[in-house]
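Text of start37.txt (compact mmCIF, C-alpha atoms) as supplied:
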# COMPACT_ATOMS: atom_id res chain seq x y z
CA ALA A 56 141.13 104.41 75.61
CA GLN A 57 139.02 102.49 73.16
CA THR A 58 137.56 99.08 73.95
CA VAL A 59 135.55 96.73 71.79
CA THR A 60 133.43 93.96 73.28
CA GLN A 61 132.02 90.94 71.53
CA SER A 62 129.98 89.08 74.11
CA GLN A 63 129.27 85.98 72.03
CA PRO A 64 132.38 83.77 71.79
CA GLU A 65 130.58 81.15 69.69
CA MET A 66 127.43 81.04 67.63
CA SER A 67 125.85 78.67 65.17
CA VAL A 68 123.18 79.07 62.54
CA GLN A 69 121.39 76.80 60.12
CA GLU A 70 122.19 77.26 56.48
CA ALA A 71 119.88 79.82 54.82
CA GLU A 72 118.87 81.30 58.19
CA THR A 73 119.71 84.72 59.57
CA VAL A 74 122.12 85.40 62.41
CA THR A 75 123.14 88.55 64.26
CA LEU A 76 126.54 89.06 65.87
CA SER A 77 126.81 91.63 68.63
CA CYS A 78 129.48 94.27 69.18
CA THR A 79 129.65 97.14 71.61
CA TYR A 80 132.41 99.67 71.99
CA ASP A 81 133.48 102.38 74.33
CA THR A 82 135.05 105.62 73.21
CA SER A 83 135.03 109.31 73.90
CA GLU A 84 135.76 110.05 70.26
CA ASN A 85 133.08 111.56 68.07
CA ASN A 86 134.74 110.78 64.75
CA TYR A 87 135.49 107.13 64.17
CA TYR A 88 134.93 104.15 61.92
CA LEU A 89 133.69 100.65 62.59
CA PHE A 90 134.49 97.49 60.71
CA TRP A 91 133.60 93.84 60.65
CA TYR A 92 136.31 91.48 59.49
CA LYS A 93 135.98 87.77 58.83
CA GLN A 94 138.79 85.28 59.43
CA PRO A 95 138.06 81.87 57.92
CA PRO A 96 140.03 78.81 58.97
CA SER A 97 142.57 79.68 56.24
CA ARG A 98 143.46 82.69 58.46
CA GLN A 99 143.21 85.44 55.83
CA MET A 100 141.34 88.38 57.38
CA ILE A 101 138.74 89.71 54.97
CA LEU A 102 136.76 92.93 55.25
CA VAL A 103 133.05 92.26 55.53
CA ILE A 104 131.59 95.72 56.00
CA ARG A 105 132.55 99.23 57.08
CA GLN A 106 130.58 102.03 58.76
CA GLU A 107 131.40 105.70 59.21
CA ALA A 108 130.19 107.00 62.57
CA TYR A 109 128.98 110.26 61.04
CA LYS A 110 126.58 108.38 58.78
CA GLN A 111 123.21 107.54 60.23
CA GLN A 112 122.37 105.11 57.46
CA ASN A 113 123.35 101.55 58.22
CA ALA A 114 125.87 100.00 55.84
CA THR A 115 124.90 96.99 53.75
CA GLU A 116 126.92 94.67 51.55
CA ASN A 117 124.80 92.03 49.82
CA ARG A 118 123.78 89.55 52.56
CA PHE A 119 125.61 91.50 55.26
CA SER A 120 124.17 94.50 57.04
CA VAL A 121 124.84 96.35 60.27
CA ASN A 122 122.67 97.88 62.94
CA PHE A 123 124.64 100.91 64.07
CA GLN A 124 123.32 102.58 67.21
CA LYS A 125 125.70 105.44 67.95
CA ALA A 126 124.12 106.56 71.20
CA ALA A 127 124.17 103.01 72.54
CA LYS A 128 127.67 102.42 71.08
CA SER A 129 126.45 99.26 69.45
CA PHE A 130 127.43 97.85 66.07
CA SER A 131 125.87 94.47 65.31
CA LEU A 132 126.30 92.45 62.13
CA LYS A 133 123.41 90.66 60.49
CA ILE A 134 124.07 87.86 58.05
CA SER A 135 121.08 86.85 55.97
CA ASP A 136 120.70 83.61 54.03
CA SER A 137 123.72 82.11 55.81
CA GLN A 138 126.01 80.00 53.68
CA LEU A 139 128.54 77.34 54.59
CA GLY A 140 131.30 79.68 53.47
CA ASP A 141 130.28 82.13 56.18
CA THR A 142 131.80 79.80 58.77
CA ALA A 143 134.62 81.85 60.29
CA MET A 144 135.75 83.98 63.19
CA TYR A 145 134.21 87.44 62.98
CA PHE A 146 135.99 90.42 64.49
CA CYS A 147 134.49 93.79 65.22
CA ALA A 148 137.02 96.61 64.95
CA PHE A 149 137.13 100.29 65.87
CA MET A 150 139.32 102.95 64.28
CA LYS A 151 139.63 106.54 65.43
CA GLY A 152 139.17 109.24 62.82
CA THR A 153 142.76 110.25 63.39
CA GLY A 154 145.21 107.42 63.10
CA ASN A 155 145.26 104.07 61.43
CA GLN A 156 145.17 101.71 64.40
CA PHE A 157 142.49 99.07 64.80
CA TYR A 158 141.09 98.13 68.18
CA PHE A 159 139.67 94.65 67.83
CA GLY A 160 137.11 92.71 69.81
CA THR A 161 137.87 89.17 70.91
CA GLY A 162 135.89 87.67 68.07
CA THR A 163 132.83 85.50 67.57
CA SER A 164 133.26 82.05 66.07
CA LEU A 165 130.35 81.43 63.73
CA THR A 166 129.51 77.97 62.44
CA VAL A 167 126.97 77.51 59.67
CA ILE A 168 125.32 74.12 59.95
CA PRO A 169 124.18 72.38 56.77
CA LYS B 271 146.09 92.98 41.73
CA ALA B 272 148.08 90.75 44.05
CA GLY B 273 147.11 90.85 47.69
CA VAL B 274 149.27 91.35 50.74
CA THR B 275 151.93 88.67 51.00
CA GLN B 276 153.86 87.59 54.05
CA THR B 277 156.91 85.39 54.32
CA PRO B 278 157.62 82.98 55.77
CA ARG B 279 154.23 81.48 56.54
CA TYR B 280 155.53 79.32 59.39
CA LEU B 281 158.55 79.66 61.60
CA ILE B 282 159.92 77.78 64.57
CA LYS B 283 162.52 79.42 66.79
CA THR B 284 163.96 78.85 70.24
CA ARG B 285 164.01 81.23 73.17
CA GLY B 286 166.66 83.90 72.93
CA GLN B 287 166.88 83.85 69.15
CA GLN B 288 165.75 86.67 66.93
CA VAL B 289 163.42 86.55 63.96
CA THR B 290 162.59 88.73 60.96
CA LEU B 291 159.24 88.62 59.24
CA SER B 292 158.49 90.18 55.88
CA CYS B 293 155.40 91.80 54.43
CA SER B 294 154.80 93.01 50.87
CA PRO B 295 151.79 95.33 50.60
CA ILE B 296 149.34 95.60 47.77
CA SER B 297 150.90 97.47 44.87
CA GLY B 298 150.45 101.21 45.38
CA HIS B 299 149.79 100.95 49.10
CA ARG B 300 152.20 102.98 51.17
CA SER B 301 151.08 102.13 54.68
CA VAL B 302 151.88 98.86 56.42
CA SER B 303 150.63 97.96 59.89
CA TRP B 304 151.56 94.95 61.98
CA TYR B 305 149.36 93.05 64.45
CA GLN B 306 150.01 90.21 66.84
CA GLN B 307 147.25 87.64 67.27
CA THR B 308 147.24 85.26 70.24
CA PRO B 309 144.45 83.23 71.84
CA GLY B 310 144.91 85.04 75.14
CA GLN B 311 145.35 88.65 74.05
CA GLY B 312 143.52 88.62 70.74
CA LEU B 313 144.60 91.02 68.03
CA GLN B 314 146.95 93.75 69.19
CA PHE B 315 148.47 96.58 67.20
CA LEU B 316 152.26 96.63 66.98
CA PHE B 317 153.13 99.56 64.69
CA GLU B 318 152.43 101.34 61.45
CA TYR B 319 154.90 102.42 58.80
CA PHE B 320 154.35 104.94 56.05
CA SER B 321 156.99 106.16 53.60
CA GLU B 322 159.74 104.41 55.56
CA THR B 323 158.76 106.16 58.81
CA GLN B 324 157.10 104.69 61.85
CA ARG B 325 153.91 106.71 62.36
CA ASN B 326 152.28 104.90 65.23
CA LYS B 327 153.33 102.34 67.80
CA GLY B 328 151.41 100.02 70.09
CA ASN B 329 152.26 98.97 73.60
CA PHE B 330 154.96 96.39 72.95
CA PRO B 331 158.49 96.18 74.36
CA GLY B 332 161.47 97.46 72.43
CA ARG B 333 162.33 93.89 71.39
CA PHE B 334 159.72 94.40 68.69
CA SER B 335 160.92 96.65 65.90
CA GLY B 336 160.24 97.21 62.28
CA ARG B 337 161.24 99.07 59.20
CA GLN B 338 159.91 99.90 55.80
CA PHE B 339 161.76 100.11 52.55
CA SER B 340 161.38 102.54 49.67
CA ASN B 341 159.21 100.02 47.79
CA SER B 342 156.85 99.93 50.82
CA ARG B 343 157.82 96.40 51.78
CA SER B 344 158.11 96.08 55.52
CA GLU B 345 159.98 93.86 57.91
CA MET B 346 159.30 93.17 61.54
CA ASN B 347 162.02 91.99 63.87
CA VAL B 348 161.70 90.40 67.28
CA SER B 349 164.89 90.00 69.29
CA THR B 350 165.52 87.79 72.30
CA LEU B 351 162.46 85.69 71.67
CA GLU B 352 160.28 84.60 74.57
CA LEU B 353 157.76 81.80 74.74
CA GLY B 354 154.99 84.38 74.89
CA ASP B 355 155.95 85.71 71.48
CA SER B 356 154.41 82.63 69.89
CA ALA B 357 151.62 84.07 67.80
CA LEU B 358 150.21 84.74 64.39
CA TYR B 359 151.71 87.96 63.07
CA LEU B 360 149.52 89.76 60.59
CA CYS B 361 150.40 92.67 58.43
CA ALA B 362 147.89 94.93 56.77
CA SER B 363 148.31 97.49 54.03
CA SER B 364 146.39 100.56 52.99
CA LEU B 365 146.90 103.39 50.54
CA GLN B 366 147.61 106.27 52.89
CA GLY B 367 147.24 104.82 56.36
CA SER B 368 146.87 107.40 59.08
CA ARG B 369 146.99 110.20 56.52
CA GLU B 370 143.50 109.21 55.43
CA GLU B 371 140.57 108.85 57.81
CA GLY B 372 139.05 105.45 58.33
CA GLU B 373 140.92 103.79 55.52
CA THR B 374 140.23 100.09 54.99
CA GLN B 375 143.19 97.86 55.66
CA TYR B 376 143.85 94.67 53.72
CA PHE B 377 145.41 91.84 55.62
CA GLY B 378 147.98 89.27 54.62
CA PRO B 379 147.72 85.57 55.48
CA GLY B 380 150.03 85.95 58.47
CA THR B 381 153.21 84.34 59.72
CA ARG B 382 152.75 81.69 62.39
CA LEU B 383 155.68 81.92 64.83
CA LEU B 384 156.30 79.19 67.37
CA VAL B 385 158.91 79.80 70.04
CA LEU B 386 160.19 76.69 71.84

For this file, write the structure as structure tokens.
Amino acid sequence: AQTVTQSQPEMSVQEAETVTLSCTYDTSENNYYLFWYKQPPSRQMILVIRQEAYKQQNATENRFSVNFQKAAKSFSLKISDSQLGDTAMYFCAFMKGTGNQFYFGTGTSLTVIP
Amino acid sequence: KAGVTQTPRYLIKTRGQQVTLSCSPISGHRSVSWYQQTPGQGLQFLFEYFSETQRNKGNFPGRFSGRQFSNSRSEMNVSTLELGDSALYLCASSLQGSREEGETQYFGPGTRLLVL
């Protein structure tokens, strides 16, 4: 079975600062994919960033980057130059290489303070 | 390109009733997955449909069912509603679903169901 753990239920950051959201997962799979999704108060889930487990290079998308540590089964999200629009619930998600099912963490509520 | 749409956005039902939720995927997407989101259980996978066939199913009772039409639109049905079925129901679409490894899914805005 796959489990995803987000140990920080709530976090806050000052505008323009950097924040890191933690995610760990447990799996016996060797081929899998990891995602970070953002769910603003409007409720629409939006993909933030995606990482293939077979890639050693950490994924980056503009101000968003990940620190993927496969051996430690850790997948943290770093948000640089935080903006007010980054305020949202952030979910870490795991997907096996075979199949299309997400296993989600419980989420981290991030508030960006002006 | 239009995103994933879900109707209705809000729904109030009473215990014992049944409900049908609808999801229209992004044009060209053939896979539709459904998730239930509650404060207590978080986001849980219900099922995935591809080309009108259920390809994968989560750990939910048989009261939860779904189907997919030839145009890839999907419906989810919950019969004999219980108070615990109150949740946000999200659908997500992707091009090939489980036929393609690690495919990104695009979520709809969800249907908020309240069971009284």

Show me a table, sorted first by chain and then by increasing residue number, of the residues of range 81-109 of chain A having an atom at most 12 Å from range 117-122 of chain A, each with its shortest atom pair and the distance in Å to one decimal, counting all atoms listed in the file and written as a Markdown table.
| residue | atom | partner | partner_atom | distance |
| --- | --- | --- | --- | --- |
| A:Leu89 | CA | A:Val121 | CA | 10.1 |
| A:Phe90 | CA | A:Val121 | CA | 9.7 |
| A:Trp91 | CA | A:Val121 | CA | 9.1 |
| A:Tyr92 | CA | A:Phe119 | CA | 11.5 |
| A:Lys93 | CA | A:Phe119 | CA | 11.6 |
| A:Leu102 | CA | A:Phe119 | CA | 11.2 |
| A:Val103 | CA | A:Phe119 | CA | 7.5 |
| A:Ile104 | CA | A:Phe119 | CA | 7.4 |
| A:Arg105 | CA | A:Val121 | CA | 8.8 |
| A:Gln106 | CA | A:Val121 | CA | 8.2 |
| A:Glu107 | CA | A:Val121 | CA | 11.5 |
| A:Ala108 | CA | A:Asn122 | CA | 11.8 |

- Message: Under the rule that all atoms listed in the file are counted, which of B:Gly336, B:Pro309, B:Pro331, B:Gly354 is the nearest residue to Cys293 in chain B?
- Response: B:Gly336

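Proximity ranking of A:Ser67, A:Ser164, A:Ser129, A:Ser97 relative to Phe149 in chain A places A:Ser129 first, based on only C-alpha atoms.
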
- Message: Is it possible to get the residues within 12 Å of (152.9, 99.8, 59.9) (coordinates as in the file, counting only C-alpha atoms) written as a PyMOL selection string?
- Response: (chain A and resi 154-157) or (chain B and resi 292-295+299-305+315-328+335-339+342-346+360-368+375+377)

- Task: Give the residues of chain A that lie within 6 Å of chain B; count all atoms listed in the file, and format the answer as number ranges by chain.
- Result: A: 88, 98-100, 152, 154-155, 161

Hey, can you spit out that residue selection with C-alpha atoms as a PDB file, keeping the file's coordinate frame?
ATOM      1  CA  TYR A  88     134.930 104.150  61.920  1.00  0.00           C
ATOM      2  CA  ARG A  98     143.460  82.690  58.460  1.00  0.00           C
ATOM      3  CA  GLN A  99     143.210  85.440  55.830  1.00  0.00           C
ATOM      4  CA  MET A 100     141.340  88.380  57.380  1.00  0.00           C
ATOM      5  CA  GLY A 152     139.170 109.240  62.820  1.00  0.00           C
ATOM      6  CA  GLY A 154     145.210 107.420  63.100  1.00  0.00           C
ATOM      7  CA  ASN A 155     145.260 104.070  61.430  1.00  0.00           C
ATOM      8  CA  THR A 161     137.870  89.170  70.910  1.00  0.00           C
TER       9      THR A 161
END

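Taking CA of Tyr158 in chain A and CA of Leu353 in chain B as the two end points, the separation is 24.2 Å.
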
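When CA of Leu384 in chain B is paired with CA of Thr277 in chain B, their separation reads 14.5 Å.
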
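Here CA of Ala143 in chain A is placed at a distance of 24.1 Å from CA of Leu281 in chain B.
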
- Item | Pick from A:Met66, A:Gln57, A:Gly160, A:Asp81, whichever lies nearest to Thr142 in chain A using all atoms listed in the file | A:Met66

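Proximity to Val68 in chain A was assessed for A:Phe146, A:Gly162, A:Ser135, A:Lys128 counting all atoms listed in the file; the smallest distance is recorded for A:Ser135.
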
- Query: Could you name the residues that touch Gly332 in chain B at 9 Å or less, counting all atoms listed in the file, but leaving out those on the same chain fewer than 2 positions away, as a ChimeraX atom specification?
  - Reply: /B:330,334-335,348-349

- Smallest atom-to-atom distance to Pro278 in chain B: which of B:Leu383, B:Asn329, B:Asn347, B:Ile296, using all atoms listed in the file? B:Leu383
